[in-house]
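protein-v8.txt, holding compact mmCIF, C-alpha atoms:
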```txt
# COMPACT_ATOMS: atom_id res chain seq x y z
CA MET A 1 30.87 15.92 -45.50
CA SER A 2 28.55 14.15 -43.09
CA THR A 3 28.74 14.45 -39.33
CA LYS A 4 27.57 11.48 -37.32
CA LEU A 5 27.86 10.57 -33.68
CA HIS A 6 28.86 7.07 -32.62
CA ARG A 7 29.15 5.48 -29.22
CA THR A 8 32.19 3.24 -28.95
CA GLY A 9 31.53 1.91 -25.49
CA ARG A 10 29.94 3.57 -22.44
CA HIS A 11 30.63 7.22 -21.58
CA SER A 12 34.34 6.68 -22.20
CA VAL A 13 34.73 7.46 -25.91
CA TRP A 14 32.64 9.15 -28.59
CA SER A 15 33.77 9.44 -32.18
CA ILE A 16 32.91 11.84 -34.99
CA CYS A 17 32.99 10.61 -38.59
CA THR A 18 33.73 13.61 -40.77
CA THR A 19 34.46 11.39 -43.78
CA PRO A 20 34.10 7.61 -44.25
CA TRP A 21 37.84 7.27 -43.56
CA GLU A 22 38.47 9.82 -40.82
CA LEU A 23 37.73 8.91 -37.21
CA LYS A 24 38.32 11.23 -34.26
CA GLU A 25 37.92 10.43 -30.60
CA LEU A 26 35.86 12.63 -28.33
CA PRO A 27 36.33 12.25 -24.56
CA SER A 28 33.28 11.91 -22.33
CA THR A 29 33.58 15.54 -21.22
CA GLY A 30 32.93 16.57 -24.81
CA ARG A 31 29.67 14.67 -25.14
CA LYS A 32 27.31 17.44 -24.08
CA GLY A 33 29.28 20.09 -25.93
CA PHE A 34 29.18 18.10 -29.14
CA LEU A 35 25.45 17.43 -28.85
CA THR A 36 24.76 21.08 -28.16
CA GLU A 37 26.91 22.27 -31.05
CA HIS A 38 25.32 19.84 -33.52
CA ALA A 39 21.76 20.08 -32.25
CA ALA A 40 18.99 20.30 -34.82
CA PRO A 41 16.70 23.35 -34.81
CA PHE A 42 14.31 23.10 -31.87
CA SER A 43 10.92 21.60 -32.66
CA ALA A 44 7.98 23.95 -33.05
CA PHE A 45 5.81 21.15 -31.61
CA LEU A 46 7.58 21.40 -28.23
CA THR A 47 7.43 25.20 -28.17
CA ASP A 48 4.31 26.65 -26.58
CA SER A 49 2.42 29.84 -27.41
CA PHE A 50 4.57 31.79 -24.91
CA GLY A 51 7.81 30.73 -26.59
CA ARG A 52 8.84 28.24 -23.90
CA ARG A 53 10.93 25.39 -25.31
CA HIS A 54 10.28 22.07 -23.60
CA ASN A 55 13.52 20.11 -23.71
CA TYR A 56 13.05 18.23 -20.42
CA LEU A 57 10.78 15.17 -20.15
CA ARG A 58 9.86 13.38 -16.92
CA ILE A 59 8.61 9.82 -17.37
CA SER A 60 6.89 7.94 -14.54
CA LEU A 61 7.85 4.26 -14.65
CA THR A 62 5.34 3.02 -12.08
CA GLU A 63 2.57 4.12 -9.74
CA LYS A 64 3.78 1.76 -7.03
CA CYS A 65 6.01 2.78 -4.14
CA ASN A 66 7.61 1.03 -1.19
CA LEU A 67 7.02 4.08 1.05
CA ARG A 68 3.85 6.02 1.95
CA CYS A 69 5.03 9.63 2.27
CA GLN A 70 2.37 11.88 3.76
CA TYR A 71 2.71 14.68 1.19
CA CYS A 72 2.72 12.28 -1.76
CA MET A 73 0.25 9.47 -1.11
CA PRO A 74 -3.16 9.79 0.57
CA GLU A 75 -3.38 7.94 3.87
CA GLU A 76 -5.99 5.57 2.42
CA GLY A 77 -3.69 4.72 -0.50
CA VAL A 78 -4.50 5.10 -4.20
CA GLN A 79 -6.36 3.04 -6.78
CA LEU A 80 -3.60 1.59 -8.95
CA THR A 81 -4.02 1.40 -12.70
CA PRO A 82 -4.29 -2.19 -14.04
CA LYS A 83 -0.96 -3.37 -15.44
CA SER A 84 -2.41 -3.73 -18.95
CA GLU A 85 -3.13 0.02 -18.98
CA LEU A 86 0.40 1.06 -17.96
CA LEU A 87 3.04 1.86 -20.55
CA THR A 88 5.16 -1.11 -21.57
CA THR A 89 8.93 -0.79 -21.75
CA GLN A 90 8.77 -0.60 -25.54
CA GLU A 91 6.12 2.12 -25.40
CA ILE A 92 8.27 4.14 -23.00
CA ILE A 93 11.26 3.89 -25.33
CA THR A 94 9.14 4.67 -28.39
CA LEU A 95 7.79 7.85 -26.80
CA ALA A 96 11.20 8.83 -25.44
CA ARG A 97 12.75 8.42 -28.88
CA LEU A 98 10.04 10.62 -30.39
CA PHE A 99 10.52 13.40 -27.82
CA VAL A 100 14.32 13.29 -28.17
CA LYS A 101 13.98 13.51 -31.96
CA GLU A 102 11.91 16.68 -31.45
CA GLY A 103 14.45 18.31 -29.14
CA VAL A 104 14.23 16.84 -25.64
CA ASP A 105 17.78 16.47 -24.30
CA LYS A 106 17.06 15.52 -20.68
CA ILE A 107 14.88 12.68 -19.39
CA ARG A 108 14.17 12.05 -15.72
CA LEU A 109 12.68 8.74 -14.56
CA THR A 110 10.21 9.05 -11.70
CA GLY A 111 7.41 7.07 -10.07
CA GLY A 112 5.92 6.03 -7.69
CA GLU A 113 9.35 4.68 -6.96
CA PRO A 114 11.14 4.03 -10.27
CA LEU A 115 13.74 1.69 -8.79
CA ILE A 116 11.13 -0.93 -7.92
CA ARG A 117 10.42 -1.45 -11.62
CA PRO A 118 12.26 -4.71 -12.45
CA ASP A 119 13.62 -3.52 -15.81
CA VAL A 120 14.73 -0.04 -14.75
CA VAL A 121 18.40 -0.77 -15.56
CA ASP A 122 17.43 -1.96 -19.03
CA ILE A 123 15.31 1.16 -19.59
CA VAL A 124 18.27 3.39 -18.68
CA GLY A 125 20.45 1.39 -21.06
CA GLN A 126 17.99 1.79 -23.92
CA LEU A 127 17.59 5.51 -23.27
CA TYR A 128 21.36 5.88 -23.34
CA LYS A 129 21.35 4.73 -26.97
CA LEU A 130 19.16 7.65 -28.06
CA GLU A 131 21.33 10.08 -29.99
CA GLY A 132 20.79 13.64 -28.83
CA LEU A 133 19.85 12.76 -25.26
CA GLN A 134 22.38 14.50 -23.01
CA THR A 135 21.15 13.64 -19.51
CA ILE A 136 19.42 10.62 -17.98
CA ALA A 137 18.36 11.25 -14.39
CA VAL A 138 16.30 9.50 -11.74
CA THR A 139 14.37 10.69 -8.70
CA THR A 140 14.24 7.99 -6.03
CA ASN A 141 13.38 7.49 -2.38
CA GLY A 142 16.76 5.80 -2.04
CA ILE A 143 15.59 2.54 -0.49
CA ASN A 144 16.94 0.37 -3.35
CA LEU A 145 19.60 2.79 -4.54
CA ALA A 146 22.77 1.37 -2.98
CA ARG A 147 22.03 -2.04 -4.44
CA LEU A 148 21.15 -0.88 -7.95
CA LEU A 149 23.35 2.17 -8.48
CA PRO A 150 26.50 0.41 -9.77
CA ARG A 151 24.43 -1.20 -12.56
CA LEU A 152 22.50 2.01 -13.24
CA LYS A 153 25.74 3.96 -13.57
CA GLU A 154 27.13 1.36 -15.95
CA ALA A 155 23.93 1.56 -18.01
CA GLY A 156 24.34 5.33 -18.39
CA LEU A 157 22.61 7.09 -15.49
CA ASP A 158 23.97 10.65 -15.28
CA ALA A 159 22.20 12.27 -12.32
CA ILE A 160 20.37 11.38 -9.11
CA ASN A 161 17.84 13.08 -6.85
CA ILE A 162 17.14 11.34 -3.54
CA SER A 163 14.14 12.20 -1.39
CA LEU A 164 14.87 12.63 2.33
CA ASP A 165 12.75 14.82 4.59
CA THR A 166 14.36 14.23 7.97
CA LEU A 167 17.64 13.16 9.54
CA VAL A 168 15.86 11.64 12.56
CA PRO A 169 15.14 7.91 12.04
CA ALA A 170 11.98 7.87 14.18
CA LYS A 171 10.60 10.93 12.38
CA PHE A 172 11.45 9.31 9.05
CA GLU A 173 9.15 6.40 9.93
CA PHE A 174 6.38 8.82 10.87
CA ILE A 175 6.64 10.80 7.62
CA VAL A 176 6.94 7.84 5.23
CA ARG A 177 4.92 5.35 7.32
CA ARG A 178 7.65 2.74 6.78
CA LYS A 179 11.17 1.89 7.99
CA GLY A 180 14.23 2.49 5.80
CA PHE A 181 16.14 5.58 6.96
CA HIS A 182 19.51 3.81 7.04
CA LYS A 183 18.98 2.39 3.53
CA VAL A 184 18.41 5.92 2.21
CA MET A 185 21.59 7.17 3.87
CA GLU A 186 23.45 4.19 2.43
CA GLY A 187 22.14 5.15 -1.02
CA ILE A 188 23.33 8.74 -0.64
CA ASN A 189 26.77 7.56 0.44
CA LYS A 190 26.95 5.11 -2.47
CA ALA A 191 26.12 7.89 -4.94
CA VAL A 192 28.92 10.05 -3.53
CA GLU A 193 31.29 7.07 -3.59
CA LEU A 194 30.54 6.40 -7.27
CA GLY A 195 31.37 9.97 -8.19
CA TYR A 196 27.98 11.61 -8.73
CA ASN A 197 28.44 15.34 -8.22
CA PRO A 198 26.28 16.86 -7.08
CA VAL A 199 24.10 14.28 -5.39
CA LYS A 200 20.78 16.09 -5.05
CA VAL A 201 18.78 15.53 -1.87
CA ASN A 202 15.13 16.64 -2.03
CA CYS A 203 13.59 17.76 1.27
CA VAL A 204 9.91 18.79 1.44
CA VAL A 205 9.68 21.26 4.32
CA MET A 206 6.49 21.10 6.40
CA ARG A 207 5.76 23.32 9.36
CA GLY A 208 5.50 21.46 12.63
CA LEU A 209 7.26 18.44 11.18
CA ASN A 210 10.76 19.12 9.91
CA GLU A 211 11.38 22.88 9.57
CA ASP A 212 13.49 22.62 12.73
CA GLU A 213 16.03 20.50 10.80
CA LEU A 214 16.95 23.07 8.14
CA LEU A 215 20.35 23.84 9.65
CA ASP A 216 21.17 20.15 10.08
CA PHE A 217 20.50 19.59 6.39
CA VAL A 218 22.67 22.56 5.42
CA ALA A 219 25.47 21.14 7.57
CA LEU A 220 25.39 17.96 5.44
CA THR A 221 26.84 20.00 2.57
CA LYS A 222 30.01 20.91 4.48
CA ASN A 223 32.07 17.86 3.59
CA GLN A 224 30.07 16.18 0.83
CA PRO A 225 29.17 17.15 -2.77
CA LEU A 226 25.47 17.37 -1.95
CA ASP A 227 22.88 19.81 -3.25
CA VAL A 228 20.19 19.82 -0.56
CA ARG A 229 17.03 21.15 -2.17
CA PHE A 230 14.40 22.55 0.19
CA ILE A 231 10.98 22.22 -1.46
CA GLU A 232 7.94 24.25 -0.52
CA TYR A 233 5.03 22.01 0.49
CA MET A 234 2.68 21.74 -2.51
CA PRO A 235 -1.02 20.83 -2.70
CA PHE A 236 -2.04 17.54 -4.36
CA ASP A 237 -5.06 15.30 -3.98
CA GLY A 238 -5.21 13.65 -0.58
CA ASN A 239 -2.15 15.23 1.06
CA LYS A 240 -4.18 17.51 3.37
CA TRP A 241 -2.29 20.62 2.26
CA ASN A 242 -3.01 23.89 3.92
CA PHE A 243 -1.25 27.23 3.84
CA ARG A 244 -0.20 27.05 7.50
CA LYS A 245 1.87 23.91 6.83
CA MET A 246 3.86 25.61 4.09
CA VAL A 247 7.20 27.17 4.99
CA SER A 248 8.07 29.76 2.37
CA TYR A 249 11.42 30.12 0.65
CA LYS A 250 12.06 33.50 2.29
CA GLU A 251 11.37 32.14 5.75
CA MET A 252 13.73 29.21 5.15
CA LEU A 253 16.39 31.51 3.74
CA ASP A 254 16.15 33.80 6.79
CA THR A 255 16.63 30.81 9.09
CA VAL A 256 19.74 29.69 7.24
CA ARG A 257 21.17 33.21 7.04
CA GLN A 258 20.87 33.68 10.79
CA ARG A 259 23.31 30.78 11.19
CA TRP A 260 25.46 31.53 8.12
CA PRO A 261 25.22 35.30 7.38
CA ASP A 262 27.78 35.02 4.57
CA LEU A 263 25.62 32.61 2.56
CA GLU A 264 26.33 33.20 -1.14
CA LYS A 265 23.76 33.21 -3.91
CA LEU A 266 24.87 31.18 -6.93
CA PRO A 267 24.05 31.86 -10.60
CA CYS A 268 21.57 29.51 -12.24
CA GLU A 269 20.22 28.64 -15.68
CA ALA A 270 17.16 30.49 -16.94
CA SER A 271 15.01 27.34 -16.83
CA SER A 272 16.15 26.26 -13.37
CA THR A 273 13.47 25.58 -10.76
CA ALA A 274 15.96 26.12 -7.95
CA LYS A 275 17.39 29.20 -6.28
CA ALA A 276 20.89 28.05 -5.32
CA TYR A 277 23.10 29.16 -2.41
CA LYS A 278 26.36 28.06 -0.88
CA VAL A 279 28.01 28.46 2.49
CA PRO A 280 31.58 29.64 1.77
CA ASP A 281 34.12 26.80 1.98
CA PHE A 282 31.40 24.14 2.09
CA GLN A 283 31.86 21.43 -0.53
CA GLY A 284 28.18 21.25 -1.48
CA GLN A 285 25.33 23.73 -1.78
CA ILE A 286 21.66 24.23 -0.97
CA SER A 287 18.72 25.19 -3.16
CA PHE A 288 15.14 26.29 -2.72
CA ILE A 289 12.27 25.11 -4.92
CA THR A 290 9.78 27.95 -4.67
CA SER A 291 6.82 26.48 -6.58
CA MET A 292 4.26 28.16 -4.34
CA SER A 293 5.64 31.49 -3.10
CA GLU A 294 7.60 32.48 -6.23
CA HIS A 295 6.57 30.30 -9.15
CA PHE A 296 8.88 29.79 -12.13
CA CYS A 297 6.20 29.12 -14.76
CA GLY A 298 7.65 31.73 -17.12
CA SER A 299 10.76 29.63 -17.76
CA CYS A 300 9.18 26.17 -17.48
CA ASN A 301 10.74 23.68 -19.89
CA ARG A 302 9.18 20.47 -18.49
CA LEU A 303 6.69 17.94 -19.75
CA ARG A 304 5.51 14.83 -17.93
CA ILE A 305 4.32 11.40 -19.00
CA THR A 306 2.44 9.46 -16.33
CA ALA A 307 2.87 5.72 -15.85
CA ASP A 308 -0.44 5.12 -17.65
CA GLY A 309 0.76 7.12 -20.63
CA ASN A 310 -0.87 10.52 -20.19
CA LEU A 311 0.96 13.68 -21.19
CA LYS A 312 0.77 16.46 -18.58
CA VAL A 313 2.09 19.80 -19.72
CA CYS A 314 1.85 21.29 -16.19
CA LEU A 315 2.46 19.58 -12.86
CA PHE A 316 -0.44 21.51 -11.30
CA GLY A 317 -2.79 21.38 -14.29
CA ASN A 318 -5.50 18.75 -14.59
CA SER A 319 -5.64 18.51 -18.38
CA GLU A 320 -4.08 15.36 -19.82
CA VAL A 321 -3.78 13.66 -23.21
CA SER A 322 -3.43 9.88 -23.51
CA LEU A 323 -0.40 9.10 -25.67
CA ARG A 324 -0.86 5.43 -24.76
CA ASP A 325 -4.27 5.25 -26.45
CA HIS A 326 -2.99 6.90 -29.60
CA LEU A 327 0.05 4.60 -29.66
CA ARG A 328 -2.09 1.50 -29.27
CA SER A 329 -4.55 2.61 -31.93
CA GLY A 330 -1.71 2.70 -34.44
CA ALA A 331 -1.05 6.45 -34.68
CA SER A 332 1.91 7.29 -36.88
CA GLU A 333 4.92 9.21 -35.60
CA ASP A 334 3.72 12.34 -37.39
CA GLU A 335 0.26 12.01 -35.83
CA LEU A 336 1.76 11.61 -32.36
CA VAL A 337 3.90 14.69 -32.85
CA GLN A 338 0.82 16.66 -33.90
CA ILE A 339 -1.07 15.47 -30.79
CA ILE A 340 1.85 16.39 -28.53
CA GLY A 341 2.24 19.75 -30.23
CA ALA A 342 -1.44 20.56 -29.75
CA ALA A 343 -1.21 19.75 -26.02
CA VAL A 344 1.94 21.86 -25.59
CA GLY A 345 0.27 24.68 -27.49
CA ARG A 346 -2.58 24.72 -24.94
CA LYS A 347 -0.21 25.11 -21.99
CA LYS A 348 -1.20 28.07 -19.84
CA LYS A 349 1.04 30.98 -18.96
CA GLN A 350 1.25 29.96 -15.29
CA HIS A 351 -0.38 27.75 -12.70
CA ALA A 352 -3.49 28.91 -10.85
CA GLY A 353 -1.75 29.83 -7.58
CA MET A 354 -1.48 27.79 -4.41
CA PHE A 355 -4.91 28.56 -3.01
CA ASN A 356 -6.69 27.73 -6.25
CA ILE A 357 -4.54 24.65 -6.82
CA SER A 358 -5.51 23.34 -3.40
CA GLN A 359 -9.17 23.41 -4.51
CA MET A 360 -8.59 21.85 -7.95
CA LYS A 361 -9.05 18.19 -8.81
CA ASN A 362 -5.67 16.72 -9.75
CA ARG A 363 -3.89 13.42 -9.29
CA PRO A 364 -2.11 12.63 -6.04
CA MET A 365 1.63 13.23 -6.48
CA ILE A 366 2.34 9.47 -6.58
CA LEU A 367 0.16 9.12 -9.71
CA ILE A 368 1.89 12.04 -11.46
CA GLY A 369 5.55 11.32 -10.89
CA GLY A 370 6.62 14.73 -9.62
```
Would you kindly transcribe this structure into structure tokens?
Amino acid sequence: MSTKLHRTGRHSVWSICTTPWELKELPSTGRKGFLTEHAAPFSAFLTDSFGRRHNYLRISLTEKCNLRCQYCMPEEGVQLTPKSELLTTQEIITLARLFVKEGVDKIRLTGGEPLIRPDVVDIVGQLYKLEGLQTIAVTTNGINLARLLPRLKEAGLDAINISLDTLVPAKFEFIVRRKGFHKVMEGINKAVELGYNPVKVNCVVMRGLNEDELLDFVALTKNQPLDVRFIEYMPFDGNKWNFRKMVSYKEMLDTVRQRWPDLEKLPCEASSTAKAYKVPDFQGQISFITSMSEHFCGSCNRLRITADGNLKVCLFGNSEVSLRDHLRSGASEDELVQIIGAAVGRKKKQHAGMFNISQMKNRPMILIGG
């Protein structure tokens, strides 16, 4: 008896062929369960020397962005990679297919701003065809989201993270050095309208800039299925990080608890980067990304491919391997897997700590993809 998975449309129907003559329908809710149940043994090449299994791949689609966020892009801008040195659409799909074959079941598209890439809908559609891939997600600044989301959803987009660091339009312009606050809010509303649940909202908290808005962001979760994720300010090239600007998870949590003492802690997956909480009777929830004060390196399951085709095994590490160069020199699939496996095998136990990271040479966030 052979077991094979077929798509018979979009997310609506999946079918399992147990014999050439027998066809059973599987509703969309059974997709992830089926894939999990019939998953192949996890690849040794994506398992590092500490036993961490890397089943989550983040792919940067572009270095370009239509905003200039202070914590992401240096004030003077960045030197963009020539287009000929960026991954083509086919190269992105080729690498994605290889990683999924080895055990990756979640891919997140990042940037720059991924939604300014003209063929982003087509890329989502091609990723959706990869058997074994359970989740296709995107992290976006939201500027183009309302316009593109219906097509992205139809193509197979499962999850959305939207960056928003303030609820004050004038402050928004100061932080991102551009206009667009109302477009971002329109994108969030469109995501809720189209049934995404939760809609994740990423908020980088910076002392002296937006830490006074914590309670306003929590209040957004009262009547909407939002997961507002408060992110500790992290050091990257050119973002003028210093310890005094960072608001720690515990300080943020104390602020929220003073207003909502009955705040509930929620369970989370072992590989989760977020510590999740919920105000009782609120529809949504909040989370804290504690990369600096309480790192989660021990359960890290993430790998990153930059827009120019480099594999980064750690967001804060500066070692990279060019998969693009190996692809273009005609490396076979087996050779690529060996190269990836060697890079994963060199992954360190944990990052160097916030003070050391702030002194290390690394890419600006916009050239990594987050």
Residue contacts of Gln258 in chain A (10 Å, only C-alpha atoms) excluding same-chain residues fewer than 5 positions away, as a PyMOL selection string: chain A and resi 215+253+263
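In terms of minimum interatomic distance to Val205 in chain A, A:Ile289 ranks closest within A:Ala170, A:Val176, A:Ile160, A:Ile289, counting all atoms listed in the file.
Residue nearest Leu209 in chain A within the list A:Val228, A:Ile339, A:Lys245, A:Ile188: A:Lys245 [criterion: smallest interatomic distance, only C-alpha atoms].
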Within 12 Å of Cys300 in chain A using only C-alpha atoms, minus same-chain residues under 3 positions, as a ChimeraX atom specification: /A:46-48,50-57,269-274,291,295-297,303-304,313-315,344,347-351
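Checking A:Ala159, A:Lys275, A:Ala146, A:Val321 one by one against His182 in chain A, counting all atoms listed in the file, you find the shortest gap at A:Ala146.
Atom pair CA of Asp227 in chain A / CA of Glu264 in chain A has a distance of 14.0 Å (rounded to one decimal).
You will find CA of Gly142 in chain A at 6.9 Å from CA of Lys183 in chain A.
Going from CA of Ala137 in chain A over to CA of Phe174 in chain A, you cover 28.1 Å.
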Minimum-distance residue to Tyr249 in chain A, chosen among A:Asn202, A:Ser319, A:Ser293, A:Thr94 (using all atoms listed in the file): A:Ser293
Given all atoms listed in the file as the counted atoms, nearest of A:Glu335, A:Asp308, A:Asp325, A:Asp165 to Ile59 in chain A: A:Asp308
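For the choices A:Gly132, A:Gly125, A:Gly195, A:Pro114, the atom-to-atom distance to Ile162 in chain A is smallest for A:Pro114 when using only C-alpha atoms.
With distances taken from (16.5, 27.2, 0.3) and restricted to all atoms listed in the file, the residues inside 10 Å are A:Cys203, A:Val205, A:Leu214, A:Val218, A:Val228, A:Arg229, A:Phe230, A:Ile231, A:Glu232, A:Ser248, A:Tyr249, A:Lys250, A:Glu251, A:Met252, A:Leu253, A:Asp254, A:Thr255, A:Val256, A:Ala274, A:Lys275, A:Ala276, A:Tyr277, A:Lys278, A:Gln285, A:Ile286, A:Ser287, A:Phe288, A:Ile289, A:Thr290.
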Quick one: write out the picked residues with C-alpha atoms as a PDB file, in the coordinates of the input?
```pdb
ATOM      1  CA  CYS A 203      13.590  17.760   1.270  1.00  0.00           C
ATOM      2  CA  VAL A 205       9.680  21.260   4.320  1.00  0.00           C
ATOM      3  CA  LEU A 214      16.950  23.070   8.140  1.00  0.00           C
ATOM      4  CA  VAL A 218      22.670  22.560   5.420  1.00  0.00           C
ATOM      5  CA  VAL A 228      20.190  19.820  -0.560  1.00  0.00           C
ATOM      6  CA  ARG A 229      17.030  21.150  -2.170  1.00  0.00           C
ATOM      7  CA  PHE A 230      14.400  22.550   0.190  1.00  0.00           C
ATOM      8  CA  ILE A 231      10.980  22.220  -1.460  1.00  0.00           C
ATOM      9  CA  GLU A 232       7.940  24.250  -0.520  1.00  0.00           C
ATOM     10  CA  SER A 248       8.070  29.760   2.370  1.00  0.00           C
ATOM     11  CA  TYR A 249      11.420  30.120   0.650  1.00  0.00           C
ATOM     12  CA  LYS A 250      12.060  33.500   2.290  1.00  0.00           C
ATOM     13  CA  GLU A 251      11.370  32.140   5.750  1.00  0.00           C
ATOM     14  CA  MET A 252      13.730  29.210   5.150  1.00  0.00           C
ATOM     15  CA  LEU A 253      16.390  31.510   3.740  1.00  0.00           C
ATOM     16  CA  ASP A 254      16.150  33.800   6.790  1.00  0.00           C
ATOM     17  CA  THR A 255      16.630  30.810   9.090  1.00  0.00           C
ATOM     18  CA  VAL A 256      19.740  29.690   7.240  1.00  0.00           C
ATOM     19  CA  ALA A 274      15.960  26.120  -7.950  1.00  0.00           C
ATOM     20  CA  LYS A 275      17.390  29.200  -6.280  1.00  0.00           C
ATOM     21  CA  ALA A 276      20.890  28.050  -5.320  1.00  0.00           C
ATOM     22  CA  TYR A 277      23.100  29.160  -2.410  1.00  0.00           C
ATOM     23  CA  LYS A 278      26.360  28.060  -0.880  1.00  0.00           C
ATOM     24  CA  GLN A 285      25.330  23.730  -1.780  1.00  0.00           C
ATOM     25  CA  ILE A 286      21.660  24.230  -0.970  1.00  0.00           C
ATOM     26  CA  SER A 287      18.720  25.190  -3.160  1.00  0.00           C
ATOM     27  CA  PHE A 288      15.140  26.290  -2.720  1.00  0.00           C
ATOM     28  CA  ILE A 289      12.270  25.110  -4.920  1.00  0.00           C
ATOM     29  CA  THR A 290       9.780  27.950  -4.670  1.00  0.00           C
TER      30      THR A 290
END
```
Exercise: Thr139 in chain A partners within 12 Å, only C-alpha atoms, chain neighbours under 6 positions left out, as number ranges by chain: A: 58-61, 107-115, 145, 157-164, 199-202, 369-370
Because the input lacks atoms here, generate all heavy atoms for range 335-341 of chain A and report them as an mmCIF file, in the coordinates of the input.
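Heads up, here's the output in result39.cif:
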```
data_model
loop_
_atom_site.group_PDB
_atom_site.id
_atom_site.type_symbol
_atom_site.label_atom_id
_atom_site.label_comp_id
_atom_site.auth_asym_id
_atom_site.auth_seq_id
_atom_site.Cartn_x
_atom_site.Cartn_y
_atom_site.Cartn_z
ATOM 1 N N GLU A 335 1.515 11.756 -36.555
ATOM 2 C CA GLU A 335 0.260 12.010 -35.830
ATOM 3 C C GLU A 335 0.520 12.232 -34.353
ATOM 4 O O GLU A 335 -0.069 13.120 -33.727
ATOM 5 C CB GLU A 335 -0.708 10.837 -36.046
ATOM 6 C CG GLU A 335 -1.280 10.781 -37.455
ATOM 7 C CD GLU A 335 -2.043 9.489 -37.743
ATOM 8 O OE1 GLU A 335 -1.727 8.440 -37.111
ATOM 9 O OE2 GLU A 335 -2.943 9.520 -38.595
ATOM 10 N N LEU A 336 1.421 11.433 -33.777
ATOM 11 C CA LEU A 336 1.760 11.610 -32.360
ATOM 12 C C LEU A 336 2.378 12.975 -32.112
ATOM 13 O O LEU A 336 2.059 13.652 -31.121
ATOM 14 C CB LEU A 336 2.723 10.494 -31.906
ATOM 15 C CG LEU A 336 2.103 9.120 -31.670
ATOM 16 C CD1 LEU A 336 3.198 8.073 -31.494
ATOM 17 C CD2 LEU A 336 1.191 9.124 -30.445
ATOM 18 N N VAL A 337 3.261 13.381 -33.005
ATOM 19 C CA VAL A 337 3.900 14.690 -32.850
ATOM 20 C C VAL A 337 2.856 15.803 -32.921
ATOM 21 O O VAL A 337 2.915 16.772 -32.151
ATOM 22 C CB VAL A 337 4.988 14.894 -33.942
ATOM 23 C CG1 VAL A 337 5.473 16.336 -33.967
ATOM 24 C CG2 VAL A 337 6.174 13.962 -33.669
ATOM 25 N N GLN A 338 1.891 15.664 -33.804
ATOM 26 C CA GLN A 338 0.820 16.660 -33.900
ATOM 27 C C GLN A 338 0.001 16.711 -32.613
ATOM 28 O O GLN A 338 -0.359 17.799 -32.126
ATOM 29 C CB GLN A 338 -0.101 16.326 -35.082
ATOM 30 C CG GLN A 338 0.545 16.460 -36.451
ATOM 31 C CD GLN A 338 0.757 17.904 -36.874
ATOM 32 O OE1 GLN A 338 0.172 18.829 -36.308
ATOM 33 N NE2 GLN A 338 1.606 18.112 -37.879
ATOM 34 N N ILE A 339 -0.296 15.558 -32.035
ATOM 35 C CA ILE A 339 -1.070 15.470 -30.790
ATOM 36 C C ILE A 339 -0.301 16.112 -29.639
ATOM 37 O O ILE A 339 -0.846 16.887 -28.841
ATOM 38 C CB ILE A 339 -1.407 13.990 -30.479
ATOM 39 C CG1 ILE A 339 -2.403 13.456 -31.515
ATOM 40 C CG2 ILE A 339 -1.960 13.837 -29.059
ATOM 41 C CD1 ILE A 339 -2.453 11.944 -31.598
ATOM 42 N N ILE A 340 1.000 15.801 -29.564
ATOM 43 C CA ILE A 340 1.850 16.390 -28.530
ATOM 44 C C ILE A 340 1.933 17.898 -28.702
ATOM 45 O O ILE A 340 1.794 18.680 -27.753
ATOM 46 C CB ILE A 340 3.260 15.750 -28.575
ATOM 47 C CG1 ILE A 340 3.193 14.278 -28.158
ATOM 48 C CG2 ILE A 340 4.241 16.529 -27.684
ATOM 49 C CD1 ILE A 340 4.432 13.477 -28.526
ATOM 50 N N GLY A 341 2.136 18.329 -29.947
ATOM 51 C CA GLY A 341 2.240 19.750 -30.230
ATOM 52 C C GLY A 341 0.980 20.522 -29.855
ATOM 53 O O GLY A 341 1.045 21.637 -29.330
#
```
